[in-house]
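Chemist: final_29.txt (compact mmCIF, C-alpha atoms and all ligand atoms) pasted underneath:
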# COMPACT_ATOMS: atom_id res chain seq x y z
CA MET A 1 0.00 0.00 0.00
CA ALA A 2 1.80 3.10 1.16
CA GLU A 3 5.06 1.95 -0.33
CA GLY A 4 3.30 0.98 -3.51
CA GLY A 5 3.97 4.30 -5.20
CA GLY A 6 7.66 3.64 -5.39
CA ASN A 7 7.75 2.36 -8.93
CA SER A 8 9.45 4.39 -11.62
CA LYS A 9 6.27 4.70 -13.66
CA SER A 10 4.55 6.61 -10.89
CA GLU A 11 7.52 8.92 -10.50
CA ALA A 12 7.31 9.81 -14.14
CA HIS A 13 3.72 10.88 -13.56
CA VAL A 14 4.35 13.18 -10.65
CA ASP A 15 4.90 16.38 -12.55
CA GLY A 16 1.67 15.82 -14.39
CA SER A 17 3.38 15.84 -17.75
CA GLU A 18 1.92 12.55 -18.89
CA ASP A 19 -1.50 12.34 -20.39
CA HIS A 20 -3.30 9.42 -18.81
CA ASP A 21 -6.11 9.34 -21.31
CA SER A 22 -3.88 8.94 -24.34
CA SER A 23 -2.63 5.59 -22.96
CA PRO A 24 0.99 5.60 -24.17
CA SER A 25 2.57 2.26 -24.96
CA PRO A 26 4.79 0.66 -22.30
CA GLU A 27 7.83 1.59 -24.45
CA GLU A 28 6.79 5.24 -24.58
CA ASN A 29 6.20 5.18 -20.85
CA THR A 30 9.67 3.84 -20.18
CA GLN A 31 11.28 6.39 -22.49
CA ASP A 32 9.37 9.24 -20.88
CA SER A 33 10.29 7.95 -17.49
CA ILE A 34 14.00 7.80 -18.33
CA SER A 35 14.13 11.22 -19.99
CA GLN A 36 12.19 12.84 -17.14
CA ARG A 37 14.45 11.18 -14.64
CA MET A 38 17.53 12.44 -16.50
CA GLU A 39 16.04 15.94 -16.61
CA HIS A 40 15.44 15.81 -12.86
CA ILE A 41 18.99 14.60 -12.21
CA LEU A 42 20.48 17.35 -14.42
CA LYS A 43 18.39 19.94 -12.62
CA SER A 44 19.61 18.63 -9.24
CA PHE A 45 23.21 19.07 -10.38
CA GLN A 46 22.52 22.51 -11.86
CA ASP A 47 20.77 23.64 -8.69
CA PHE A 48 23.70 22.36 -6.69
CA ALA A 49 26.20 24.16 -8.93
CA VAL A 50 24.43 27.53 -8.89
CA SER A 51 23.36 27.43 -5.27
CA ASP A 52 25.52 30.48 -4.45
CA GLU A 53 22.68 32.64 -5.70
CA ALA A 54 20.47 32.16 -2.67
CA PRO A 55 16.70 32.66 -3.12
CA PRO A 56 15.11 35.40 -1.00
CA GLN A 57 14.69 34.55 2.70
CA VAL A 58 11.03 34.80 3.65
CA LEU A 59 11.39 34.00 7.37
CA GLU A 60 12.54 36.70 9.80
CA GLU A 61 14.47 33.99 11.58
CA VAL A 62 15.01 30.40 10.46
CA SER A 63 13.48 28.71 13.51
CA PHE A 64 10.22 27.28 14.85
CA GLU A 65 9.43 30.75 16.25
CA GLY A 66 10.22 32.22 12.84
CA ILE A 67 7.60 29.92 11.26
CA VAL A 68 5.05 31.00 13.89
CA LYS A 69 5.76 34.70 13.21
CA TYR A 70 5.40 34.07 9.49
CA ILE A 71 1.97 32.42 9.93
CA LYS A 72 0.88 35.26 12.25
CA SER A 73 2.09 37.92 9.79
CA GLY A 74 -0.77 37.21 7.39
CA LYS A 75 1.66 36.79 4.47
CA CYS A 76 1.26 33.05 4.64
CA LYS A 77 -2.08 32.11 3.09
CA ASN A 78 -1.55 28.81 1.30
CA ILE A 79 -0.23 26.13 3.62
CA ILE A 80 0.30 22.64 2.24
CA THR A 81 0.70 19.73 4.65
CA MET A 82 2.33 16.42 3.82
CA THR A 83 1.74 13.66 6.32
CA GLY A 84 2.76 10.05 6.83
CA ALA A 85 2.22 7.11 9.17
CA GLY A 86 3.72 9.01 12.13
CA ILE A 87 0.61 11.18 12.49
CA SER A 88 -1.58 8.12 13.08
CA THR A 89 0.59 6.05 15.42
CA SER A 90 -0.87 7.75 18.52
CA ALA A 91 -4.31 6.66 17.26
CA GLY A 92 -3.13 3.05 17.64
CA ILE A 93 -2.66 2.33 13.94
CA PRO A 94 0.42 0.17 13.46
CA ASP A 95 3.26 1.83 11.58
CA PHE A 96 4.30 -0.90 9.18
CA ARG A 97 7.83 0.46 9.09
CA SER A 98 8.65 0.11 12.78
CA PRO A 99 10.41 -3.21 13.45
CA GLY A 100 8.79 -5.24 16.20
CA THR A 101 5.55 -3.29 16.26
CA GLY A 102 5.04 -2.95 12.54
CA LEU A 103 2.38 -4.38 10.36
CA TYR A 104 4.81 -6.53 8.40
CA ASP A 105 5.98 -8.27 11.55
CA ASN A 106 2.40 -9.23 12.33
CA LEU A 107 1.83 -10.84 8.96
CA GLN A 108 3.69 -14.07 9.63
CA LYS A 109 0.47 -15.91 10.45
CA TYR A 110 -0.64 -15.58 6.83
CA ASP A 111 2.33 -17.58 5.55
CA LEU A 112 2.97 -15.12 2.73
CA PRO A 113 5.79 -15.60 0.20
CA SER A 114 7.02 -12.15 1.34
CA PRO A 115 5.54 -9.54 3.72
CA GLN A 116 4.88 -7.18 0.81
CA ALA A 117 2.86 -9.85 -1.00
CA ILE A 118 -0.23 -8.85 0.95
CA PHE A 119 -0.18 -5.55 -0.98
CA GLU A 120 0.84 -6.99 -4.34
CA ILE A 121 -1.91 -7.02 -6.92
CA GLY A 122 -0.71 -10.31 -8.48
CA TYR A 123 -0.74 -12.13 -5.15
CA PHE A 124 -4.06 -10.54 -4.20
CA LYS A 125 -5.72 -11.95 -7.31
CA GLU A 126 -4.48 -15.43 -6.40
CA ASN A 127 -5.17 -15.27 -2.69
CA PRO A 128 -7.17 -12.30 -1.41
CA VAL A 129 -7.94 -13.79 2.03
CA PRO A 130 -4.87 -12.41 3.88
CA PHE A 131 -5.54 -8.88 2.63
CA PHE A 132 -9.18 -8.93 3.69
CA THR A 133 -8.28 -10.44 7.07
CA LEU A 134 -5.91 -7.53 7.58
CA ALA A 135 -8.47 -5.05 6.21
CA ARG A 136 -10.91 -6.16 8.93
CA GLU A 137 -8.25 -5.35 11.56
CA LEU A 138 -7.40 -1.97 10.06
CA TRP A 139 -10.92 -0.99 9.00
CA PRO A 140 -11.58 2.77 9.35
CA GLY A 141 -13.97 3.57 12.15
CA SER A 142 -12.09 1.62 14.80
CA PHE A 143 -9.67 4.49 15.42
CA LYS A 144 -9.98 8.11 16.56
CA PRO A 145 -8.10 10.96 14.84
CA THR A 146 -5.13 12.40 16.71
CA PRO A 147 -4.54 16.02 17.83
CA CYS A 148 -2.40 16.36 14.70
CA HIS A 149 -5.39 15.48 12.49
CA TYR A 150 -7.49 18.10 14.28
CA PHE A 151 -4.69 20.64 13.79
CA LEU A 152 -5.13 20.10 10.04
CA ARG A 153 -8.83 20.82 10.46
CA LEU A 154 -8.01 24.02 12.37
CA LEU A 155 -5.70 25.14 9.55
CA HIS A 156 -8.63 24.66 7.19
CA GLU A 157 -11.06 26.51 9.45
CA LYS A 158 -8.61 29.44 9.69
CA ASP A 159 -8.60 29.52 5.88
CA LEU A 160 -4.90 28.71 5.73
CA LEU A 161 -4.97 25.19 4.32
CA LEU A 162 -4.47 24.96 0.56
CA ARG A 163 -4.20 21.15 0.55
CA ALA A 164 -3.45 18.24 2.85
CA PHE A 165 -1.45 15.49 1.09
CA THR A 166 -1.37 12.24 3.02
CA GLN A 167 0.33 8.90 2.50
CA ASN A 168 -2.06 7.30 4.97
CA ILE A 169 -5.00 5.10 4.03
CA ASP A 170 -6.72 5.24 7.42
CA THR A 171 -9.14 8.06 6.40
CA LEU A 172 -8.55 9.80 9.76
CA GLU A 173 -8.26 13.21 8.05
CA ARG A 174 -11.83 12.77 6.83
CA VAL A 175 -13.01 11.61 10.24
CA ALA A 176 -11.35 14.69 11.81
CA GLY A 177 -13.41 16.90 9.52
CA VAL A 178 -10.90 17.95 6.86
CA PRO A 179 -13.15 18.43 3.82
CA GLU A 180 -12.66 15.99 0.98
CA GLU A 181 -11.78 18.75 -1.51
CA LYS A 182 -8.85 19.80 0.70
CA LEU A 183 -7.51 16.28 0.83
CA VAL A 184 -5.24 14.29 -1.47
CA GLU A 185 -4.86 10.67 -0.39
CA ALA A 186 -1.71 9.84 -2.33
CA HIS A 187 -1.83 6.13 -1.62
CA GLY A 188 -5.56 5.77 -2.05
CA THR A 189 -8.37 5.22 0.39
CA PHE A 190 -10.77 2.70 1.89
CA ALA A 191 -13.60 5.14 1.09
CA THR A 192 -14.37 3.55 -2.28
CA SER A 193 -13.69 0.21 -4.00
CA HIS A 194 -13.58 -1.18 -7.52
CA CYS A 195 -13.85 -4.57 -9.20
CA VAL A 196 -10.32 -5.48 -10.30
CA ASP A 197 -11.68 -6.93 -13.55
CA CYS A 198 -14.50 -4.71 -14.86
CA ARG A 199 -13.75 -1.58 -12.70
CA GLN A 200 -17.33 -1.41 -11.39
CA LYS A 201 -17.36 1.03 -8.44
CA TYR A 202 -18.64 0.04 -4.99
CA SER A 203 -19.30 2.12 -1.87
CA GLN A 204 -17.57 1.81 1.48
CA GLU A 205 -20.81 0.58 3.03
CA TRP A 206 -21.18 -2.17 0.42
CA ILE A 207 -17.67 -3.57 0.78
CA LYS A 208 -17.73 -3.29 4.55
CA GLU A 209 -20.81 -5.47 4.72
CA LYS A 210 -19.15 -8.08 2.48
CA ILE A 211 -15.79 -8.02 4.30
CA PHE A 212 -17.41 -8.37 7.72
CA ALA A 213 -19.91 -11.03 6.58
CA GLY A 214 -17.69 -13.71 8.08
CA LYS A 215 -14.18 -15.04 8.50
CA ASP A 216 -12.46 -15.51 5.14
CA SER A 217 -15.24 -13.72 3.28
CA VAL A 218 -14.12 -12.07 0.07
CA PRO A 219 -16.16 -9.42 -1.79
CA THR A 220 -16.87 -10.26 -5.43
CA CYS A 221 -18.38 -8.19 -8.24
CA GLU A 222 -22.16 -8.32 -8.62
CA LYS A 223 -22.19 -7.45 -12.30
CA GLU A 224 -23.56 -10.22 -14.45
CA ASP A 225 -20.92 -12.77 -15.58
CA CYS A 226 -18.10 -10.84 -13.89
CA ASN A 227 -17.51 -12.30 -10.44
CA GLY A 228 -14.18 -10.39 -10.21
CA LEU A 229 -12.62 -9.50 -6.88
CA VAL A 230 -13.58 -6.13 -5.40
CA LYS A 231 -10.69 -4.25 -3.77
CA PRO A 232 -10.69 -1.01 -1.75
CA ASP A 233 -9.03 1.82 -3.73
CA ILE A 234 -5.78 1.75 -1.81
CA VAL A 235 -2.65 1.73 -3.95
CA PHE A 236 -0.96 -1.67 -4.15
CA PHE A 237 2.56 -2.36 -5.33
CA GLY A 238 2.58 -2.16 -9.10
CA GLU A 239 -0.44 0.16 -9.30
CA SER A 240 -0.38 3.82 -10.40
CA LEU A 241 -1.00 6.60 -7.90
CA PRO A 242 -4.47 8.21 -8.05
CA SER A 243 -4.80 10.72 -10.90
CA LEU A 244 -5.97 13.36 -8.42
CA PHE A 245 -2.56 13.17 -6.73
CA ILE A 246 -0.73 13.84 -10.00
CA GLU A 247 -3.08 16.70 -10.88
CA ARG A 248 -2.81 18.38 -7.48
CA VAL A 249 0.97 18.11 -7.28
CA GLY A 250 1.25 20.08 -10.52
CA LYS A 251 -1.33 22.71 -9.57
CA ASP A 252 -0.90 23.19 -5.83
CA LEU A 253 2.80 23.01 -5.04
CA PRO A 254 3.77 26.12 -7.04
CA LYS A 255 1.18 28.11 -5.01
CA CYS A 256 2.42 26.90 -1.63
CA ASP A 257 3.83 29.53 0.74
CA LEU A 258 4.49 27.23 3.70
CA LEU A 259 5.04 23.48 3.58
CA ILE A 260 4.49 21.54 6.81
CA VAL A 261 5.72 17.93 6.68
CA MET A 262 4.72 15.65 9.56
CA GLY A 263 5.17 12.04 10.57
CA THR A 264 7.20 10.85 7.63
CA SER A 265 10.92 10.27 7.30
CA LEU A 266 10.56 10.94 3.57
CA LYS A 267 11.94 7.65 2.35
CA VAL A 268 9.04 6.79 0.04
CA GLN A 269 9.07 8.15 -3.50
CA PRO A 270 7.47 9.90 -5.24
CA PHE A 271 5.81 11.38 -2.15
CA ALA A 272 9.17 12.45 -0.66
CA SER A 273 10.11 14.32 -3.83
CA LEU A 274 7.22 16.74 -3.29
CA VAL A 275 9.25 18.74 -0.77
CA SER A 276 11.51 19.87 -3.62
CA ARG A 277 8.61 20.96 -5.79
CA VAL A 278 7.62 24.09 -3.89
CA ASP A 279 9.17 27.46 -4.81
CA PRO A 280 12.85 27.73 -3.72
CA SER A 281 11.89 30.60 -1.37
CA CYS A 282 9.00 28.67 0.29
CA PRO A 283 9.67 27.93 4.00
CA ARG A 284 9.44 24.28 5.04
CA LEU A 285 8.77 22.90 8.51
CA LEU A 286 9.37 19.24 9.32
CA ILE A 287 7.88 17.77 12.50
CA ASN A 288 9.07 14.20 13.02
CA LEU A 289 10.55 11.94 15.67
CA GLU A 290 13.27 10.65 13.37
CA SER A 291 15.82 12.81 11.51
CA PRO A 292 15.24 12.75 7.78
CA PRO A 293 17.81 12.15 5.10
CA CYS A 294 18.75 15.66 3.98
CA GLY A 295 21.55 17.92 2.86
CA GLY A 296 20.85 18.02 -0.87
CA ASP A 297 23.57 15.49 -1.67
CA PRO A 298 23.18 15.21 -5.46
CA PHE A 299 24.20 11.54 -5.38
CA MET A 300 21.49 10.77 -2.86
CA LEU A 301 18.98 12.73 -4.94
CA LEU A 302 20.19 10.87 -8.02
CA PHE A 303 18.98 7.60 -6.56
CA GLY A 304 15.78 9.09 -5.26
CA LEU A 305 17.10 9.01 -1.70
CA GLY A 306 17.12 11.95 0.63
CA THR A 307 15.73 15.44 0.14
CA ASP A 308 17.19 18.88 -0.39
CA PHE A 309 16.29 19.95 3.16
CA ASP A 310 18.97 22.10 4.81
CA PHE A 311 18.41 22.44 8.55
CA GLU A 312 21.99 22.75 9.69
CA SER A 313 24.33 24.55 7.30
CA GLU A 314 25.31 28.22 7.50
CA ARG A 315 23.42 28.77 4.30
CA LYS A 316 20.09 27.53 5.68
CA TYR A 317 17.37 30.05 4.97
CA ARG A 318 13.98 28.29 4.98
CA ASP A 319 14.07 24.80 6.52
CA VAL A 320 13.15 24.13 10.14
CA PHE A 321 13.22 20.72 11.84
CA LYS A 322 11.25 20.12 15.03
CA GLN A 323 12.22 16.73 16.41
CA THR A 324 9.21 15.57 18.40
CA THR A 325 5.95 13.63 18.05
CA CYS A 326 3.43 15.06 15.62
CA ASP A 327 0.91 15.67 18.41
CA GLU A 328 3.44 17.54 20.58
CA GLY A 329 4.64 19.52 17.57
CA CYS A 330 1.09 20.53 16.67
CA PHE A 331 0.20 21.48 20.23
CA GLU A 332 3.33 23.64 20.43
CA LEU A 333 2.55 25.27 17.12
CA ALA A 334 -1.07 25.86 18.16
CA ASP A 335 0.00 27.26 21.55
CA GLN A 336 2.40 29.74 19.97
CA LEU A 337 -0.21 30.75 17.41
CA GLY A 338 -2.75 31.32 20.21
CA TRP A 339 -4.95 28.40 19.14
CA GLY A 340 -3.91 25.99 21.90
CA GLU A 341 -7.17 26.04 23.84
CA GLU A 342 -9.20 25.80 20.67
CA LEU A 343 -7.27 22.71 19.59
CA ARG A 344 -7.62 21.00 22.98
CA THR A 345 -11.35 21.72 23.11
CA LEU A 346 -11.82 20.44 19.56
CA VAL A 347 -9.96 17.18 20.28
CA LYS A 348 -11.94 16.61 23.48
CA SER A 349 -15.37 17.35 22.04
CA GLU A 350 -14.78 15.37 18.85
CA HIS A 351 -13.44 12.34 20.75
CA GLU A 352 -16.48 12.47 23.03
CA ARG A 353 -18.76 12.69 20.01
CA ILE A 354 -17.10 9.66 18.37
CA ASP A 355 -17.24 7.62 21.61
CA LYS A 356 -20.93 8.46 22.04
CA LYS A 357 -21.70 7.50 18.46
CA LYS A 358 -19.87 4.19 18.87
CA THR A 359 -21.80 3.42 22.05
CA ASN A 360 -25.11 4.27 20.37
CA VAL A 361 -24.26 2.20 17.32
CA THR A 362 -23.34 -0.79 19.49
CA GLU A 363 -26.50 -0.51 21.59
CA GLU A 364 -28.99 0.28 18.86
CA ALA A 365 -27.80 -1.55 15.79
CA PRO A 366 -24.80 -3.77 16.28
CA THR A 367 -24.72 -4.91 12.65
CA LYS A 368 -25.12 -1.47 11.13
CA SER A 369 -22.04 0.44 12.16
CA SER A 370 -21.05 1.82 8.79
CA SER A 371 -22.25 5.36 9.44
CA LYS A 372 -19.80 6.05 12.24
CA SER A 373 -17.81 8.75 10.53
CA PRO A 374 -18.97 11.81 8.59
CA GLN A 375 -17.53 10.52 5.35
CA LYS A 376 -18.62 11.72 1.96
CA LYS A 377 -18.31 9.95 -1.33
CA SER A 378 -14.82 9.96 -2.82
CA LYS A 379 -13.95 11.51 -6.14
CA PHE A 380 -11.76 8.57 -7.08
ZN ZN A 401 -16.64 -6.78 -12.13
Any chance you could give the structure as structure tokens?
Modeler:
Amino acid sequence: MAEGGGNSKSEAHVDGSEDHDSSPSPEENTQDSISQRMEHILKSFQDFAVSDEAPPQVLEEVSFEGIVKYIKSGKCKNIITMTGAGISTSAGIPDFRSPGTGLYDNLQKYDLPSPQAIFEIGYFKENPVPFFTLARELWPGSFKPTPCHYFLRLLHEKDLLLRAFTQNIDTLERVAGVPEEKLVEAHGTFATSHCVDCRQKYSQEWIKEKIFAGKDSVPTCEKEDCNGLVKPDIVFFGESLPSLFIERVGKDLPKCDLLIVMGTSLKVQPFASLVSRVDPSCPRLLINLESPPCGGDPFMLLFGLGTDFDFESERKYRDVFKQTTCDEGCFELADQLGWGEELRTLVKSEHERIDKKKTNVTEEAPTKSSSKSPQKKSKF
């Protein structure tokens, strides 16, 4: 799933330069991919070579406080957030990258040829049972959004959020009340499903009923003579990223005047490459527990590793790293912006509302729990 975007085809799509509808041949795709990759590499080297001409510094001071002042100044109107698994770990959702606690470690019981097989489309078509067993465990609705998710909602309510890009498939941004049009779920979503054979679309309610019908139950297409498997629209290995992601990357990132990256160590491409697609003067704040690969090493960039973040050098002028949990980072940001109380009240009241709804659902209609979250239909 989340790692599924890492194929070279998807990278070629990120700048939106490919026309999906014209269906280029695989050869054309490969050529495009190589030439775009070469262009990107050349640009990395050129940027590195001419980096003496520093872009204008937007922040009064290159620090967490400097970011706060910038937001308060009113000059910052289009914030883009990029989030990863780290923003959902405090909700209890397993981070499949953390050894020992990760999802992959818990997959041994399925006797898979490899841990990744559970998210490989070829394996899924042969044996979908492990995926649906896991989907029952991870099904949206069992988890509450974190303070970080509600911070995203606050950014929207303050009219500061241009777009929230997420690698997560847990739909917690939606549950927290971030409107669908502000959201780009780069690795897909459980909100809708499609037949893998005829592409017939199915709702979240429909597939939920099928998945939870019993142990080992597998949803199949209801179209006459099809009987194909129906899979939630999360991105598997070997599948393209959603077209909305490609479209939004091209349109939104040039407009961004503050990028906030949270809960990702930026090791997954093409998502990680987005940080380099904002304007060279655009300030960037990273809130994460783990230090990211950074420094703009052209050889690292060449292999799609690392980012051009510069938190440490004397020439730093826009990048700020706050090493902490996403929740702590968001509370600190909210406190300094004067929104601390508002954020705490929002988290408390929303969590109470979700708990109450769960209790009511359990008491009144134990089999009909699909309307737990205020989710709308997806565009995908
Ligand atoms: Zn079908």
Chemist: For each of A:Gln167, A:Ser291, A:Ser203, A:Thr324, take the minimum atom-to-atom distance to Pro242 (chain A), counting only C-alpha atoms, then give the residue where this is smallest.
Modeler: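 Among the listed residues, A:Gln167 lies closest to Pro242 (chain A).
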Chemist: Just give me the gap between CA of Glu332 (chain A) and CA of Pro283 (chain A) in Å, one decimal is fine.
Modeler: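 About the pair CA of Glu332 (chain A) and CA of Pro283 (chain A): they are 18.1 Å apart.
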Chemist: Compare A:Lys69, A:Lys231, A:Arg163, A:Lys182 by their minimum atom-to-atom distance to ligand ZN 401 (chain A), counting only C-alpha atoms and all ligand atoms, and give me the closest one.
Modeler: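 Ranking A:Lys69, A:Lys231, A:Arg163, A:Lys182 by distance to ligand ZN 401 (chain A), first place goes to A:Lys231.
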Chemist: Here's a test: counting all atoms listed in the file, identify every protein, DNA and RNA residue with an atom at most 12 Å from (5.8, 16.0, 8.8) in the file's coordinate frame, and state them as a VMD selection string.
Modeler: chain A and resid 80 to 88 148 to 149 152 164 to 167 259 to 266 271 to 272 275 284 to 292 320 to 327 329 to 330
Chemist: Any residue with an atom at most 9 Å from ligand ZN 401 (chain A) counts, using only C-alpha atoms and all ligand atoms. Which are they? Put them as a list in words.
Modeler: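 Within the 9 Å cut-off, the matching residues are His194, Cys195, Val196, Asp197, Cys198, Arg199, Gln200, Lys201, Thr220, Cys221, Glu222, Lys223, Glu224, Asp225, Cys226, Asn227, Gly228, Leu229 and Val230 of chain A.
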Chemist: Between A:Pro128, A:Pro219, A:Gly214, A:Phe143, single out the one closest to Tyr202 (chain A), counting all atoms listed in the file.
Modeler: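 Closest to Tyr202 (chain A), using all atoms listed in the file: A:Pro219.
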Chemist: Using all atoms listed in the file, which of the listed residues (A:Ile67, A:Ile121, A:Leu258, A:Leu253) sits closest to Ser273 (chain A)?
Modeler: A:Leu253
Chemist: Between CA of Phe151 (chain A) and CA of Thr345 (chain A), measure the distance and give it in Å to one decimal.
Modeler: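 Interatomic distance here is 11.5 Å.
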Chemist: Between CA of Asp159 (chain A) and CA of Lys357 (chain A), measure the distance and give it in Å to one decimal.
Modeler: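 If I compute the distance from CA of Asp159 (chain A) to CA of Lys357 (chain A), I get 28.5 Å.
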Chemist: Which residues are near region 175-181 of chain A? Cut-off 10 Å, only C-alpha atoms, ignore same chain within fewer than 2 positions. Put them as number ranges by chain.
Modeler: A: 140-141, 143-157, 161-164, 170-173, 183-185, 346-347, 350-351, 354, 372-379
Chemist: Calculated over all atoms listed in the file, which of the candidates A:Gly340, A:Pro270, A:Gly238, A:Pro94 has the smallest distance to Tyr123 (chain A)?
Modeler: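 Looking only at the distances to Tyr123 (chain A), the closest residue turns out to be A:Gly238.
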Chemist: List the residues sitting within 8 Å of (7.3, 26.7, -6.2) in the file's frame, using all atoms listed in the file, as a PyMOL selection string.
Modeler: chain A and resi 253-256+277-282
Chemist: If you count all atoms listed in the file, which residues fall within 12 Å of Leu138 (chain A), apart from same-chain ones fewer than 5 positions away, as a PDB file with C-alpha atoms, keeping the file's coordinate frame?
Modeler:
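Saved the output as around10.pdb:
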ATOM      1  CA  ALA A  91      -4.310   6.660  17.260  1.00  0.00           C
ATOM      2  CA  GLY A  92      -3.130   3.050  17.640  1.00  0.00           C
ATOM      3  CA  ILE A  93      -2.660   2.330  13.940  1.00  0.00           C
ATOM      4  CA  PRO A  94       0.420   0.170  13.460  1.00  0.00           C
ATOM      5  CA  ASP A  95       3.260   1.830  11.580  1.00  0.00           C
ATOM      6  CA  PHE A  96       4.300  -0.900   9.180  1.00  0.00           C
ATOM      7  CA  LEU A 103       2.380  -4.380  10.360  1.00  0.00           C
ATOM      8  CA  PHE A 131      -5.540  -8.880   2.630  1.00  0.00           C
ATOM      9  CA  PHE A 132      -9.180  -8.930   3.690  1.00  0.00           C
ATOM     10  CA  THR A 133      -8.280 -10.440   7.070  1.00  0.00           C
ATOM     11  CA  PHE A 143      -9.670   4.490  15.420  1.00  0.00           C
ATOM     12  CA  ASN A 168      -2.060   7.300   4.970  1.00  0.00           C
ATOM     13  CA  ILE A 169      -5.000   5.100   4.030  1.00  0.00           C
ATOM     14  CA  ASP A 170      -6.720   5.240   7.420  1.00  0.00           C
ATOM     15  CA  THR A 171      -9.140   8.060   6.400  1.00  0.00           C
ATOM     16  CA  LEU A 172      -8.550   9.800   9.760  1.00  0.00           C
ATOM     17  CA  PHE A 190     -10.770   2.700   1.890  1.00  0.00           C
ATOM     18  CA  LYS A 208     -17.730  -3.290   4.550  1.00  0.00           C
ATOM     19  CA  ILE A 211     -15.790  -8.020   4.300  1.00  0.00           C
TER      20      ILE A 211
END
Chemist: Using all atoms listed in the file for the distances, tell me which of A:Glu342, A:Lys316, A:Asp310, A:Leu333 is nearest to Val58 (chain A).
Modeler: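 Distance minimum relative to Val58 (chain A) lands on A:Lys316.
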